[in-house]
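Reading through the structure tokens given below for one structure.
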Amino acid sequence: NGVITIDPGYKNTGSCESAITFLDGEKGILRYRGYSIEELAEKADFLEVAFALIFGELPTKEQLEKFHKDIKSNSVVDDDIKKIVDAFPKSAHPMGILSSLTSALTAFNPSSVNVDSEEDMYNAIVKIMGKFPVLVAWTMRKKQGLPLNYGSKSLGYVENIMKMMFEQPNEDYEIDTVVKDALDKLLILHADHEQNCSTSTVRIAGSSHAGLFASLSAGISALWGPLHGGANQAVLEMLEAIKEDGGDTKKYMAKAKDKNDPFRLMGFGHRVYKNFDPRAKIIKVAADEVLNNLGIQDPILAIAKDLEQEALNDPYFVERKLYPNVDFYSGIIYRAMGIPVEMFTVMFALGRLPGWIAQWKEMRLNHEPIGRPRQIYIGENLRPFKSIENR
Ligand code: CMC
């Protein structure tokens with residue numbers, strides 16, 4: 001009817017119908033394809049969850065085996081990608097490298113996907129599921145000055161990621177099952193979260209019929225910011241800073257509440273959850289388990305727990321319904337696994353990949369129109385052009 005209502009940040013605007021992820025922020029409920037996140041985190045592995053998100057149902061044994069086999073046969077990237085990795089300075093942020101490499105994949109796989117062909121769709125999906133972990137691992141290895149490697153076809157999906165990331169030259173890499181289980185769980189917990197900033201970006205970029213890899217690259221850039229996926233890096237840096245500053249959590253609580261101070265308690269608050277983020281509950285327990293099992297005593301875990309307790313009992317946080325989110329404890333686990341802080345958001349992207357794919361696929365199969373919000377213009381009215389000497 002021509003009337004435009006503005007909703008900055010789309011706080012109350014639905015952009016699509018979706019059958020992928022159910023989220024009730026008031027009650028703290030998260031389900032993928034109808035399965036509770038708690039049950040999936042406990043009983044499923046990441047590849048099964050990825051399959052369910054992308055194709056709608058949990059896979060049978062045969063379907064899962066075929067999916068994995070097809071992914072494995074797509075887990076080599078063009079050698080020229082190595083040259084691109086080499087060209088980045090060591091100081092480059094891993095998220096910038098990852099988003100560039102994902103976009104670069106388009107150059108090496110130029111054929112466009114006919115979305116009405118199930119086979120074409122499937123091929124594009126197994127291609128990116130195979131190649132993305134290689135890009136993730138190489139991004140980390142570049143930062144660490146390690147030679148770029150490939151995985152092993154005899155390993156599971158997550159084990160293979162671990163081998164590619166952690167293998168050292170001239171060493172037989174052995175999978176630590178504690179680390180593997182924790183990584184599986186973290187990836188599952190990050191796998192989808194309905195129409196968040198990066199997912200909406202993937203859908204909106206893809207709605208112009210830009211290809212899957214290009215749309216994913218856009219999503220990675222959106223995830224990078226500290227208000228979104230970049231919060232996991234920001235949380236750890238915040239906890240470190242508090243530790244270096246003598247561990248005075250109360251001082252930082254006061255800063256977070258001070259409206260004249262831009263500091264925010266990173267890892268707290270969420271656009272949709274006005275209750276405990278169910279993922280944070282699972283991750284908190286996992287952080288305890290991993291540190292215990294690996295025999296690590298990390299003083300920043302104690303700082304995190306203190307901050308959480310103080311925030312949960314503080315009227316500022318209570319009134320605004322600010323609870324710990326998924327990023328509050330995940331960095332502590334990543335650190336225990338030996339993953340550098342700057343790589344944390346890359347790990348988030350690795351987990352979110354199946355969600356982005358599922359959302360892109362749903363958007364294309366629904367033949368959604370190009371995303372194109374409107375605005376209300378508040379600039380100058382028509383005025384005459386001024387020549388440069390008269391400005
Ligand atoms: N510390 C201090 N105050 C906060 C915080 C925080 N972390 N988060 C929100 N607030 C305050 C905010 O100042 C505002 O107060 P007031 O009403 O007095 O102006 C009120 O709470 C509402 O905040 P908002 O910024 O309007 O809420 P939003 O829905 O636009 O933002 C958020 C949500 C996640 C961006 C925000 O809570 C935040 O910046 N949190 C810290 C960053 C973070 O942990 N992000 C990860 C999100 S979970 C992972 C993911 O899905 O990406």
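Every chain in the structure tokens takes a letter, A first, then B, and so on in the order presented; its residues are numbered from 1, and the ligands are numbered from 1 following the presented order.
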>> With only C-alpha atoms as the counted atoms, please give the residues lying no more than 7 Å from region 335-352 of chain A, apart from itself and same-chain residues fewer than 2 positions off, as a PyMOL selection string.
In response: chain A and resi 93-95+136+140+179+187-188+190-192+220+224+229-230+232-233+291+331-333+354-356
Save the residues we just selected, N, CA and C atoms, as a short mmCIF file (atom, residue, chain, number, x, y, z; two decimals), in the first residue's frame?
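Written out: part-v1.cif:
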data_model
loop_
_atom_site.label_atom_id
_atom_site.label_comp_id
_atom_site.auth_asym_id
_atom_site.auth_seq_id
_atom_site.Cartn_x
_atom_site.Cartn_y
_atom_site.Cartn_z
N HIS A 93 43.89 -10.93 9.46
CA HIS A 93 42.97 -11.62 10.36
C HIS A 93 42.40 -12.85 9.66
N PRO A 94 42.35 -13.99 10.35
CA PRO A 94 41.87 -15.24 9.72
C PRO A 94 40.48 -15.11 9.09
N MET A 95 39.61 -14.26 9.63
CA MET A 95 38.27 -14.15 9.03
C MET A 95 38.35 -13.48 7.65
N VAL A 136 39.71 -23.55 6.21
CA VAL A 136 39.80 -23.21 7.64
C VAL A 136 41.17 -23.62 8.19
N MET A 140 44.48 -21.26 9.53
CA MET A 140 45.17 -21.35 10.83
C MET A 140 46.66 -21.65 10.62
N VAL A 179 39.03 -33.92 22.98
CA VAL A 179 38.99 -32.75 22.12
C VAL A 179 37.98 -32.98 20.99
N LEU A 187 30.60 -27.52 17.29
CA LEU A 187 30.17 -27.31 15.90
C LEU A 187 28.66 -27.50 15.79
N ILE A 188 28.13 -28.50 16.48
CA ILE A 188 26.67 -28.73 16.45
C ILE A 188 25.94 -27.50 17.02
N HIS A 190 26.76 -24.50 17.04
CA HIS A 190 26.85 -23.30 16.20
C HIS A 190 26.20 -23.50 14.83
N ALA A 191 25.65 -24.69 14.57
CA ALA A 191 25.32 -25.04 13.18
C ALA A 191 24.21 -24.21 12.55
N ASP A 192 23.26 -23.73 13.33
CA ASP A 192 22.27 -22.82 12.73
C ASP A 192 21.62 -22.00 13.84
N ILE A 220 30.36 -14.84 5.90
CA ILE A 220 31.57 -14.89 6.75
C ILE A 220 31.95 -13.47 7.18
N TRP A 224 32.01 -11.87 11.19
CA TRP A 224 33.28 -11.39 11.74
C TRP A 224 33.09 -10.37 12.87
N GLY A 229 29.53 -13.13 15.52
CA GLY A 229 30.47 -14.23 15.80
C GLY A 229 31.79 -13.79 16.40
N GLY A 230 32.19 -12.55 16.06
CA GLY A 230 33.46 -12.04 16.59
C GLY A 230 33.45 -11.89 18.10
N ASN A 232 33.21 -14.20 20.24
CA ASN A 232 33.98 -15.24 20.96
C ASN A 232 35.44 -14.82 21.15
N GLN A 233 35.99 -14.15 20.14
CA GLN A 233 37.35 -13.60 20.29
C GLN A 233 37.34 -12.47 21.32
N LEU A 291 38.39 -28.94 30.35
CA LEU A 291 39.54 -28.50 31.15
C LEU A 291 39.94 -29.58 32.15
N GLY A 331 35.17 -19.80 23.82
CA GLY A 331 36.58 -19.46 23.64
C GLY A 331 37.48 -20.18 24.63
N ILE A 332 36.93 -20.42 25.84
CA ILE A 332 37.75 -21.10 26.85
C ILE A 332 38.06 -22.52 26.37
N ILE A 333 37.06 -23.14 25.72
CA ILE A 333 37.30 -24.50 25.19
C ILE A 333 38.26 -24.44 24.01
N PRO A 354 26.85 -25.53 7.64
CA PRO A 354 25.64 -26.24 7.20
C PRO A 354 24.37 -25.41 7.33
N GLY A 355 24.32 -24.57 8.36
CA GLY A 355 23.14 -23.71 8.53
C GLY A 355 23.03 -22.73 7.37
N TRP A 356 24.15 -22.11 7.02
CA TRP A 356 24.13 -21.15 5.90
C TRP A 356 23.71 -21.87 4.62
#
Would you name the residues within 6 Å of ligand 1, counting only C-alpha atoms and all ligand atoms, and put them as a PDB file with C-alpha atoms, in the first residue's frame?
ATOM      1  CA  LEU A 227      28.509  -8.028  18.021  1.00  0.00           C
ATOM      2  CA  HIS A 228      28.007 -11.325  16.173  1.00  0.00           C
ATOM      3  CA  GLY A 229      30.466 -14.235  15.799  1.00  0.00           C
ATOM      4  CA  ALA A 231      32.195 -11.952  20.174  1.00  0.00           C
ATOM      5  CA  ALA A 256      29.507  -2.394  31.350  1.00  0.00           C
ATOM      6  CA  LYS A 257      26.681  -0.581  33.136  1.00  0.00           C
ATOM      7  CA  ARG A 264      30.033  -4.014  26.939  1.00  0.00           C
ATOM      8  CA  LEU A 265      30.240  -7.307  28.731  1.00  0.00           C
ATOM      9  CA  MET A 266      31.109  -9.438  25.735  1.00  0.00           C
ATOM     10  CA  GLY A 267      29.322 -12.786  25.590  1.00  0.00           C
ATOM     11  CA  PHE A 268      26.289 -11.315  27.340  1.00  0.00           C
ATOM     12  CA  GLY A 269      22.943 -10.408  25.862  1.00  0.00           C
ATOM     13  CA  HIS A 270      21.194 -11.547  22.743  1.00  0.00           C
ATOM     14  CA  ARG A 271      18.718 -10.088  20.298  1.00  0.00           C
ATOM     15  CA  ARG A 320      17.438  -6.032  30.519  1.00  0.00           C
ATOM     16  CA  ASN A 325      25.259 -16.307  25.203  1.00  0.00           C
ATOM     17  CA  VAL A 326      26.909 -19.056  23.146  1.00  0.00           C
ATOM     18  CA  ASP A 327      30.168 -17.116  22.928  1.00  0.00           C
TER      19      ASP A 327
END
>> So that I can check the surroundings of Ser208 (chain A), please list as a ChimeraX atom specification every protein, DNA and RNA residue that reaches within 8 Å of it, counting only C-alpha atoms and ignoring chain neighbours fewer than 4 positions away.
In response: /A:204,370-371
Keeping only N, CA and C atoms, take the residues you just selected and write them out as a PDB file, in the first residue's frame.
ATOM      1  N   ILE A 204      20.240 -12.905   1.706  1.00  0.00           N
ATOM      2  CA  ILE A 204      19.987 -11.709   0.891  1.00  0.00           C
ATOM      3  C   ILE A 204      20.986 -11.647  -0.276  1.00  0.00           C
ATOM      4  N   ILE A 370      14.224 -11.174  -4.823  1.00  0.00           N
ATOM      5  CA  ILE A 370      15.453 -10.493  -4.388  1.00  0.00           C
ATOM      6  C   ILE A 370      15.162  -9.667  -3.132  1.00  0.00           C
ATOM      7  N   GLY A 371      16.076  -9.726  -2.163  1.00  0.00           N
ATOM      8  CA  GLY A 371      15.914  -8.957  -0.924  1.00  0.00           C
ATOM      9  C   GLY A 371      16.197  -7.495  -1.209  1.00  0.00           C
TER      10      GLY A 371
END
> Where in region 183-222 of chain A does DSSP assign alpha helix (DSSP H), given as a list in words?
Replying inline: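 The residues of region 183-222 of chain A classed as alpha helix (DSSP H) are Leu183, Asp184, Lys185, Leu186, Leu187, Ile188, Leu189, His190, Cys197, Ser198, Thr199, Ser200, Thr201, Val202, Arg203, Ile204, Ala205, Gly206, Leu212, Phe213, Ala214, Ser215, Leu216, Ser217, Ala218, Gly219, Ile220, Ser221 and Ala222 of chain A.
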> Which residues come within 8 Å of Ala205 (chain A), counting only C-alpha atoms, excluding same-chain residues fewer than 3 positions away, as a list in words?
Replying inline: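 The filter keeps Thr201, Val202, Ser208, His209, Ala210, Ala214, Ser215, Ala218 and Gly371 of chain A.
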